[in-house]
Amino acid sequence: MAEKKRLLQILDLVKMLPRTNCKECGLPTCMAFATHVLREGTNPDLCPYWKPEDLAFVKQSMKEQGEDSAYPDHLFSARKFVQGKIKDYDFSLVADRIGARLETSADGESYLIINLLEQLYRVGKNEVEAVDGTDHDLWDHVLLYNYIAENGGHEPTGKWVAMESLPGSLAKRKAFVRDCEDKIAAAYTGKPEKLRAALKILKADFTDLDSNAEVAVVFHPLPKIPFQLLFWDADLDDGFPAQVKVLFDETVLDYLDIESLVFLGGKCAERLLNLL
Ligand code: SF4
């Protein structure tokens with residue numbers, strides 16, 4: 001069988017670019033340019049500094065990736081919409097409220113450095129890039145912009161609630177169970193030690209939570225959004241499958257709308273599965 005070709009990643013492009021951040025392409029950094037080329041179909045010709053063979057290779061690879069890298073139009077609209085919401089925000093006031101770090105570029109542009117599942121993202125008013133060049137996608141952009149747009153609220157109180165008690169969650173609960181809780185439970189069945197190891201990478205707090213779950217931790221997928229994750233392994237004798245339950249701080253909707261929260265749950269599952 002023919003080997004599946006590896007998809008071109010943002011970091012692959014960055015390595016081919018001169019990394020001078022000269023801005024001639026209209027973007028502030030080579031990383032931002034690489035992200036726009038791969039994620040939004042920006043024309044690679046806009047950078048005049050490619051080696052001709054690299055440019056030809058990138059164009060050919062993008063053509064082959066074709067449909068795979070396309071996003072639905074509504075996702076671009078969603079990002080544009082939420083970018084519009086934050087366009088007048090003063091990032092120096094928002095940073096503390098959402099647990100982000102403020103960074104200002106030499107030309108006075110403000111960015112928020114946000115920790116999403118122990119990966120740092122530099123978010124500007126018009127662009128997002130992963131600080132370490134990790135590949136990411138447009139869905140992550142929309143999530144991060146939504147987190148900024150909510151602009152925080154009450155500090156987390158430590159009072160835990162289930163999703164079903166959050167207003168407007170009725171129609172979303174099923175998707176959260178499917179995309180987050182059930183996926184983690186299935187992947188880590190019989191592997192509680194591995195789950196603990198993966199959660200350590202996500203800087204989970206293992207302080208005793210007074211729960212009968214086999215794994216019971218608190219971790220922060222986003223700085224002001226703690227998740228309490230409880231895992232009961234399968235009971236083969238009684239035929240019970242493994243189970244995961246996620247609880248939220250009662251302030252969670254001050255930081256993210258319910259739809260984005262479901263997406264964040266899916267991201268958590270994806271990250272934990274990658275750490276297995
Ligand atoms: S024009 Fe090329 S070298 Fe200059 S910032 Fe854009 S991508 Fe980087």
# chains A, B, ... in the order shown; residues from 1 in each chain; ligands from 1
$ closest_atom_pairs --of "chain A" --to "ligand 1" --cutoff "12 Å" --atoms "only C-alpha atoms and all ligand atoms" --output "CSV"
residue,atom,partner,partner_atom_place_in_ligand_line,distance
A:Ile10,CA,ligand 1,7 (S),11.9
A:Leu13,CA,ligand 1,7 (S),9.3
A:Val14,CA,ligand 1,7 (S),8.1
A:Lys15,CA,ligand 1,8 (Fe),10.6
A:Met16,CA,ligand 1,7 (S),9.5
A:Leu17,CA,ligand 1,3 (S),6.0
A:Pro18,CA,ligand 1,3 (S),5.3
A:Arg19,CA,ligand 1,8 (Fe),5.4
A:Thr20,CA,ligand 1,3 (S),5.3
A:Asn21,CA,ligand 1,5 (S),3.7
A:Cys22,CA,ligand 1,4 (Fe),4.0
A:Lys23,CA,ligand 1,5 (S),4.0
A:Glu24,CA,ligand 1,1 (S),4.1
A:Cys25,CA,ligand 1,1 (S),4.0
A:Gly26,CA,ligand 1,6 (Fe),6.6
A:Leu27,CA,ligand 1,6 (Fe),6.0
A:Pro28,CA,ligand 1,5 (S),6.1
A:Thr29,CA,ligand 1,5 (S),4.7
A:Cys30,CA,ligand 1,8 (Fe),3.6
A:Met31,CA,ligand 1,7 (S),7.3
A:Ala32,CA,ligand 1,7 (S),7.8
A:Phe33,CA,ligand 1,7 (S),5.2
A:Ala34,CA,ligand 1,7 (S),6.9
A:Thr35,CA,ligand 1,7 (S),10.0
A:His36,CA,ligand 1,7 (S),10.1
A:Val37,CA,ligand 1,7 (S),9.7
A:Thr42,CA,ligand 1,7 (S),11.2
A:Asn43,CA,ligand 1,7 (S),11.0
A:Pro44,CA,ligand 1,7 (S),8.5
A:Asp45,CA,ligand 1,2 (Fe),9.2
A:Leu46,CA,ligand 1,1 (S),6.7
A:Cys47,CA,ligand 1,1 (S),4.0
A:Pro48,CA,ligand 1,1 (S),6.1
A:Tyr49,CA,ligand 1,2 (Fe),5.5
A:Trp50,CA,ligand 1,2 (Fe),7.3
A:Lys51,CA,ligand 1,2 (Fe),10.9
A:Leu55,CA,ligand 1,2 (Fe),11.4
$ residues_around --residues "Asp179 in chain A" --least-positions-apart "5" --cutoff "8 Å" --atoms "only C-alpha atoms" --output "ChimeraX atom specification"
/A:262,265-266,269
$ residues_around --residues "Phe206 in chain A" --least-positions-apart "6" --cutoff "8 Å" --atoms "only C-alpha atoms" --output "list in words"
Ala216, Val217 and Val218 of chain A
$ atom_distance --atom1 "CA of Asp107 in chain A" --atom2 "CA of Ala78 in chain A"
28.2 Å
$ residues_around --residues "Val161 in chain A" --least-positions-apart "2" --cutoff "8 Å" --atoms "only C-alpha atoms" --output "JSON list (two decimals) with C-alpha atoms, in the first residue's frame"
[["chain", "number", "residue", "atom", "x", "y", "z"],
["A", 159, "LYS", "CA", -17.74, 25.55, 43.71],
["A", 163, "MET", "CA", -22.78, 20.67, 32.85],
["A", 165, "SER", "CA", -26.87, 22.63, 35.73],
["A", 166, "LEU", "CA", -25.44, 25.32, 33.44],
["A", 247, "LEU", "CA", -17.21, 19.26, 36.51],
["A", 248, "PHE", "CA", -16.88, 23.01, 36.03],
["A", 249, "ASP", "CA", -16.41, 25.95, 38.30],
["A", 250, "GLU", "CA", -19.74, 27.74, 38.77]]
$ closest_residue --among "A:His141, A:Lys172, A:Arg271, A:His220" --to "Ala198 in chain A" --atoms "only C-alpha atoms"
A:Arg271
$ closest_residue --among "A:Trp139, A:Phe219, A:Tyr147, A:Phe263" --to "Arg196 in chain A" --atoms "only C-alpha atoms"
A:Phe219
$ closest_atom_pairs --of "range 186-263 of chain A" --to "range 108-126 of chain A" --cutoff "10 Å" --atoms "only C-alpha atoms" --output "Markdown table"
| residue | atom | partner | partner_atom | distance |
| --- | --- | --- | --- | --- |
| A:Ile201 | CA | A:Glu118 | CA | 7.9 |
| A:Leu202 | CA | A:Glu118 | CA | 5.9 |
| A:Lys203 | CA | A:Glu118 | CA | 7.8 |
| A:Phe219 | CA | A:Leu117 | CA | 8.9 |
| A:His220 | CA | A:Leu117 | CA | 7.1 |
| A:Pro221 | CA | A:Leu117 | CA | 4.6 |
| A:Leu222 | CA | A:Leu116 | CA | 5.1 |
| A:Pro223 | CA | A:Asn115 | CA | 6.5 |
$ closest_residue --among "A:Val82, A:Ile258, A:Val131, A:Leu264" --to "Leu170 in chain A" --atoms "only C-alpha atoms"
A:Ile258
